[in-house]
Amino acid sequence: MCRAHARFAILGHEAAHRLLFPNRRVNDWVGAWLIAYPSFVPIDAYRRGHMAHHKEEFGPNEPDRALYSGYPVPSASWRRKLTRDALGNSGWKNLKGLLFAFRSPQARPIALRIAVWQLALFTAFALAGYPLVWPLLWLAPWMTGWRVINRLRAIAEHGGMQQSADRRLTTHHVRQGFWARFWMVPFNTGWHLAHHVDIGVPFAHLPRLHRELAEAGWIAADLEYPSYRAFWRRASAG
């Protein structure tokens, strides 16, 4: 189910870029009601933050900077971060933010939509005779294992890079293998350097764009990590 949350997240990312469907209304409706709200994501707020991320990676208004700045880190720090994720500490911070959203008149409508979806999921499984499916196989993976996957992926995308107009200095490229794509980077999101070069390219075409950039000599071989494990070893060698 952690893998399922990874897939929801990447499809939501595609919808936030309005690349999931060519029709904008269809894209926004599917992205919100069938992808984002079931997976606890206030997609409009996510879209605003994510576009700020693309505007200037590592800049002063970068919303995700804390997630991947400061790398490489000592191995002990690496273990602490992943342990907090695995035990639900990071997930609770995110869930608490959604709960506090009910206090805000502006944020409350989105929080209610997410809550309605979660209630519908719980009710459907409870009526089918499986009331523990929602807390154990949906909420718990979202708060724990998915957080580990999300951090590992995010660090591999930007960890240890720097602010620059040259996307090669802000975004990594890691060679894509079957198991990484299966568990952590579905829907071609692992071709992240190509995505940052042109955020208007749908996920299906990112491998082709990457190949064209490599053939043009813009992406050199020494910019590529041979595997995610190779990158994580470097990221935890501070």
# chains A, B, ... in the order shown; residues from 1 in each chain; ligands from 1

$ closest_atom_pairs --of "range 108-170 of chain A" --to "range 210-221 of chain A" --cutoff "12 Å" --atoms "only C-alpha atoms" --output "Markdown table"
| residue | atom | partner | partner_atom | distance |
| --- | --- | --- | --- | --- |
| A:Asp166 | CA | A:Trp218 | CA | 10.8 |
| A:Arg167 | CA | A:Ile219 | CA | 10.3 |
| A:Arg168 | CA | A:Ile219 | CA | 7.8 |
| A:Leu169 | CA | A:Ile219 | CA | 11.2 |

$ write_last_selection --atoms "N, CA and C atoms" --output "CSV table (one decimal), in the first residue's frame"
chain,number,residue,atom,x,y,z
A,166,ASP,N,20.9,26.7,-14.1
A,166,ASP,CA,21.2,25.5,-14.8
A,166,ASP,C,20.6,24.3,-14.1
A,167,ARG,N,19.6,23.7,-14.7
A,167,ARG,CA,18.9,22.6,-14.1
A,167,ARG,C,19.8,21.4,-13.7
A,168,ARG,N,21.0,21.3,-14.4
A,168,ARG,CA,21.9,20.2,-14.1
A,168,ARG,C,22.5,20.4,-12.7
A,169,LEU,N,22.4,21.6,-12.1
A,169,LEU,CA,23.0,21.9,-10.8
A,169,LEU,C,21.9,21.9,-9.7

$ residues_around --residues "range 119-134 of chain A" --least-positions-apart "4" --cutoff "12 Å" --atoms "only C-alpha atoms" --output "PyMOL selection string"
chain A and resi 1+37-40+112-115+138-142

$ write_last_selection --atoms "C-alpha atoms" --output "CSV table (one decimal), in the first residue's frame"
chain,number,residue,atom,x,y,z
A,1,MET,CA,0.0,0.0,0.0
A,37,TYR,CA,-8.6,13.9,-1.9
A,38,PRO,CA,-8.5,10.1,-1.4
A,39,SER,CA,-4.8,10.4,-0.7
A,40,PHE,CA,-5.1,13.3,1.8
A,112,LEU,CA,-14.0,18.6,4.4
A,113,ARG,CA,-13.7,17.1,0.9
A,114,ILE,CA,-10.7,15.1,2.1
A,115,ALA,CA,-12.6,14.0,5.2
A,138,TRP,CA,-4.7,3.1,4.0
A,139,LEU,CA,-4.0,5.5,6.8
A,140,ALA,CA,-1.2,3.7,8.4
A,141,PRO,CA,0.9,3.2,5.2
A,142,TRP,CA,0.3,6.8,4.3

$ closest_residue --among "A:Val41, A:Ala204, A:Ala156, A:Leu209" --to "Trp232 in chain A" --atoms "only C-alpha atoms"
A:Ala156

$ atom_distance --atom1 "CA of Ala237 in chain A" --atom2 "CA of Arg79 in chain A"
11.7 Å

$ closest_residue --among "A:Asp44, A:Gly88, A:Gly70, A:Ala154" --to "Ala111 in chain A" --atoms "only C-alpha atoms"
A:Asp44

$ residues_around --residues "His173 in chain A" --least-positions-apart "5" --cutoff "7 Å" --atoms "only C-alpha atoms" --output "list in words"
Trp191, His192, Leu193, Leu223, Glu224 and Tyr225 of chain A

$ select_by_dssp --residues "range 87-237 of chain A" --states "alpha helix (DSSP H)" --output "number ranges by chain"
A: 89-100, 108-127, 133-134, 140-143, 145-158, 178-183, 192-197, 206-215, 228-235

$ write_last_selection --atoms "C-alpha atoms" --output "PDB file, in the first residue's frame"
ATOM      1  CA  ASN A  89       6.250  11.172  13.196  1.00  0.00           C
ATOM      2  CA  SER A  90       6.404  12.879   9.804  1.00  0.00           C
ATOM      3  CA  GLY A  91       3.001  11.508   8.858  1.00  0.00           C
ATOM      4  CA  TRP A  92       1.447  12.873  12.035  1.00  0.00           C
ATOM      5  CA  LYS A  93       2.760  16.365  11.214  1.00  0.00           C
ATOM      6  CA  ASN A  94       1.010  16.176   7.863  1.00  0.00           C
ATOM      7  CA  LEU A  95      -2.198  14.749   9.326  1.00  0.00           C
ATOM      8  CA  LYS A  96      -2.200  17.395  12.057  1.00  0.00           C
ATOM      9  CA  GLY A  97      -1.959  20.082   9.393  1.00  0.00           C
ATOM     10  CA  LEU A  98      -5.082  18.701   7.720  1.00  0.00           C
ATOM     11  CA  LEU A  99      -6.930  18.623  11.046  1.00  0.00           C
ATOM     12  CA  PHE A 100      -5.940  22.215  11.853  1.00  0.00           C
ATOM     13  CA  ARG A 108     -12.043  24.183   5.664  1.00  0.00           C
ATOM     14  CA  PRO A 109     -13.858  23.333   2.384  1.00  0.00           C
ATOM     15  CA  ILE A 110     -10.863  21.356   1.095  1.00  0.00           C
ATOM     16  CA  ALA A 111     -10.349  19.656   4.453  1.00  0.00           C
ATOM     17  CA  LEU A 112     -14.016  18.625   4.398  1.00  0.00           C
ATOM     18  CA  ARG A 113     -13.670  17.101   0.936  1.00  0.00           C
ATOM     19  CA  ILE A 114     -10.692  15.055   2.077  1.00  0.00           C
ATOM     20  CA  ALA A 115     -12.556  14.025   5.244  1.00  0.00           C
ATOM     21  CA  VAL A 116     -15.638  12.989   3.246  1.00  0.00           C
ATOM     22  CA  TRP A 117     -13.495  10.781   1.023  1.00  0.00           C
ATOM     23  CA  GLN A 118     -11.842   9.127   4.021  1.00  0.00           C
ATOM     24  CA  LEU A 119     -15.203   8.569   5.691  1.00  0.00           C
ATOM     25  CA  ALA A 120     -16.556   7.056   2.476  1.00  0.00           C
ATOM     26  CA  LEU A 121     -13.610   4.670   2.230  1.00  0.00           C
ATOM     27  CA  PHE A 122     -13.939   3.618   5.856  1.00  0.00           C
ATOM     28  CA  THR A 123     -17.707   3.166   5.558  1.00  0.00           C
ATOM     29  CA  ALA A 124     -17.444   1.104   2.373  1.00  0.00           C
ATOM     30  CA  PHE A 125     -14.966  -1.326   3.919  1.00  0.00           C
ATOM     31  CA  ALA A 126     -16.860  -1.442   7.226  1.00  0.00           C
ATOM     32  CA  LEU A 127     -20.137  -2.304   5.461  1.00  0.00           C
ATOM     33  CA  VAL A 133      -8.865  -2.041   6.160  1.00  0.00           C
ATOM     34  CA  TRP A 134      -8.966   1.779   6.184  1.00  0.00           C
ATOM     35  CA  ALA A 140      -1.155   3.657   8.440  1.00  0.00           C
ATOM     36  CA  PRO A 141       0.885   3.171   5.214  1.00  0.00           C
ATOM     37  CA  TRP A 142       0.322   6.829   4.332  1.00  0.00           C
ATOM     38  CA  MET A 143       1.717   7.886   7.706  1.00  0.00           C
ATOM     39  CA  GLY A 145       6.170   3.612   4.828  1.00  0.00           C
ATOM     40  CA  TRP A 146       4.989   6.110   2.239  1.00  0.00           C
ATOM     41  CA  ARG A 147       6.885   8.822   4.133  1.00  0.00           C
ATOM     42  CA  VAL A 148      10.081   6.792   3.817  1.00  0.00           C
ATOM     43  CA  ILE A 149       9.532   6.327   0.076  1.00  0.00           C
ATOM     44  CA  ASN A 150       8.733  10.003  -0.386  1.00  0.00           C
ATOM     45  CA  ARG A 151      11.888  11.161   1.397  1.00  0.00           C
ATOM     46  CA  LEU A 152      14.130   8.700  -0.443  1.00  0.00           C
ATOM     47  CA  ARG A 153      12.728   9.845  -3.780  1.00  0.00           C
ATOM     48  CA  ALA A 154      12.878  13.566  -2.969  1.00  0.00           C
ATOM     49  CA  ILE A 155      16.487  13.363  -1.809  1.00  0.00           C
ATOM     50  CA  ALA A 156      17.404  11.508  -4.996  1.00  0.00           C
ATOM     51  CA  GLU A 157      15.775  14.291  -7.012  1.00  0.00           C
ATOM     52  CA  HIS A 158      17.456  17.314  -5.413  1.00  0.00           C
ATOM     53  CA  PHE A 178      12.692  -2.010 -12.819  1.00  0.00           C
ATOM     54  CA  TRP A 179      12.419  -2.283  -9.027  1.00  0.00           C
ATOM     55  CA  ALA A 180      12.899   1.435  -8.440  1.00  0.00           C
ATOM     56  CA  ARG A 181      10.158   2.211 -10.947  1.00  0.00           C
ATOM     57  CA  PHE A 182       7.948  -0.478  -9.402  1.00  0.00           C
ATOM     58  CA  TRP A 183       8.239   0.692  -5.791  1.00  0.00           C
ATOM     59  CA  HIS A 192      13.359  14.110 -13.009  1.00  0.00           C
ATOM     60  CA  LEU A 193      16.057  16.190 -14.656  1.00  0.00           C
ATOM     61  CA  ALA A 194      14.146  16.062 -17.937  1.00  0.00           C
ATOM     62  CA  HIS A 195      10.994  17.051 -16.062  1.00  0.00           C
ATOM     63  CA  HIS A 196      12.693  20.144 -14.645  1.00  0.00           C
ATOM     64  CA  VAL A 197      14.083  21.074 -18.051  1.00  0.00           C
ATOM     65  CA  LEU A 206      10.155  12.148 -20.327  1.00  0.00           C
ATOM     66  CA  PRO A 207      12.471   9.213 -21.247  1.00  0.00           C
ATOM     67  CA  ARG A 208      12.515  10.405 -24.855  1.00  0.00           C
ATOM     68  CA  LEU A 209      13.294  13.982 -23.803  1.00  0.00           C
ATOM     69  CA  HIS A 210      16.111  12.707 -21.598  1.00  0.00           C
ATOM     70  CA  ARG A 211      17.580  10.705 -24.481  1.00  0.00           C
ATOM     71  CA  GLU A 212      17.459  13.757 -26.751  1.00  0.00           C
ATOM     72  CA  LEU A 213      19.230  15.875 -24.118  1.00  0.00           C
ATOM     73  CA  ALA A 214      21.890  13.187 -23.690  1.00  0.00           C
ATOM     74  CA  GLU A 215      22.378  12.790 -27.452  1.00  0.00           C
ATOM     75  CA  TYR A 228      19.453   4.855  -6.239  1.00  0.00           C
ATOM     76  CA  ARG A 229      21.557   2.897  -3.779  1.00  0.00           C
ATOM     77  CA  ALA A 230      24.682   4.544  -5.151  1.00  0.00           C
ATOM     78  CA  PHE A 231      23.130   7.957  -4.660  1.00  0.00           C
ATOM     79  CA  TRP A 232      21.875   7.202  -1.139  1.00  0.00           C
ATOM     80  CA  ARG A 233      25.338   6.001  -0.109  1.00  0.00           C
ATOM     81  CA  ARG A 234      26.724   9.345  -1.197  1.00  0.00           C
ATOM     82  CA  ALA A 235      23.885  11.258   0.461  1.00  0.00           C
TER      83      ALA A 235
END

$ atom_distance --atom1 "CA of Arg7 in chain A" --atom2 "CA of Val30 in chain A"
14.5 Å

$ residues_around --residues "Ala32 in chain A" --least-positions-apart "4" --cutoff "8 Å" --atoms "only C-alpha atoms" --output "list of chain:residue names"
A:Gly12, A:Asp28, A:Ala36, A:Tyr37, A:Pro42, A:Ile43

$ write_last_selection --atoms "N, CA and C atoms" --output "PDB file, in the first residue's frame"
ATOM      1  N   GLY A  12      -1.066  12.530  -8.943  1.00  0.00           N
ATOM      2  CA  GLY A  12      -1.486  13.841  -8.465  1.00  0.00           C
ATOM      3  C   GLY A  12      -0.534  14.937  -8.914  1.00  0.00           C
ATOM      4  N   ASP A  28      -8.558  18.622 -13.826  1.00  0.00           N
ATOM      5  CA  ASP A  28      -8.683  19.147 -12.465  1.00  0.00           C
ATOM      6  C   ASP A  28      -9.679  18.343 -11.641  1.00  0.00           C
ATOM      7  N   ALA A  36      -6.278  13.168  -5.558  1.00  0.00           N
ATOM      8  CA  ALA A  36      -5.731  13.947  -4.441  1.00  0.00           C
ATOM      9  C   ALA A  36      -6.515  13.751  -3.146  1.00  0.00           C
ATOM     10  N   TYR A  37      -7.816  13.959  -3.174  1.00  0.00           N
ATOM     11  CA  TYR A  37      -8.585  13.874  -1.932  1.00  0.00           C
ATOM     12  C   TYR A  37      -8.544  12.482  -1.309  1.00  0.00           C
ATOM     13  N   PRO A  42      -4.502  18.292  -0.412  1.00  0.00           N
ATOM     14  CA  PRO A  42      -5.231  19.487  -0.862  1.00  0.00           C
ATOM     15  C   PRO A  42      -4.578  19.999  -2.144  1.00  0.00           C
ATOM     16  N   ILE A  43      -5.072  19.577  -3.257  1.00  0.00           N
ATOM     17  CA  ILE A  43      -4.325  19.704  -4.506  1.00  0.00           C
ATOM     18  C   ILE A  43      -4.084  21.153  -4.917  1.00  0.00           C
TER      19      ILE A  43
END

$ residues_around --residues "Arg18 in chain A" --least-positions-apart "2" --cutoff "10 Å" --atoms "only C-alpha atoms" --output "VMD selection string"
chain A and resid 12 to 16 20 to 28 31 47 200 202

$ atom_distance --atom1 "CA of Phe203 in chain A" --atom2 "CA of Lys81 in chain A"
29.3 Å

$ select_by_dssp --residues "range 135-227 of chain A" --states "strand (DSSP E)" --output "list in words"
His173, Val174, Glu224 and Tyr225 of chain A

$ write_last_selection --atoms "C-alpha atoms" --output "PDB file, in the first residue's frame"
ATOM      1  CA  HIS A 173      19.416  12.017 -12.674  1.00  0.00           C
ATOM      2  CA  VAL A 174      19.519   8.427 -11.473  1.00  0.00           C
ATOM      3  CA  GLU A 224      24.115  10.112 -13.941  1.00  0.00           C
ATOM      4  CA  TYR A 225      24.106   7.965 -10.803  1.00  0.00           C
TER       5      TYR A 225
END

$ closest_residue --among "A:Asp198, A:Gly160, A:Arg84, A:Asn188" --to "Ala66 in chain A" --atoms "only C-alpha atoms"
A:Gly160

$ closest_residue --among "A:Gly238, A:Val201, A:Asp64, A:Tyr71" --to "Met51 in chain A" --atoms "only C-alpha atoms"
A:Asp64

$ closest_residue --among "A:Phe8, A:Pro135, A:Arg65, A:Ile35" --to "Gly49 in chain A" --atoms "only C-alpha atoms"
A:Arg65
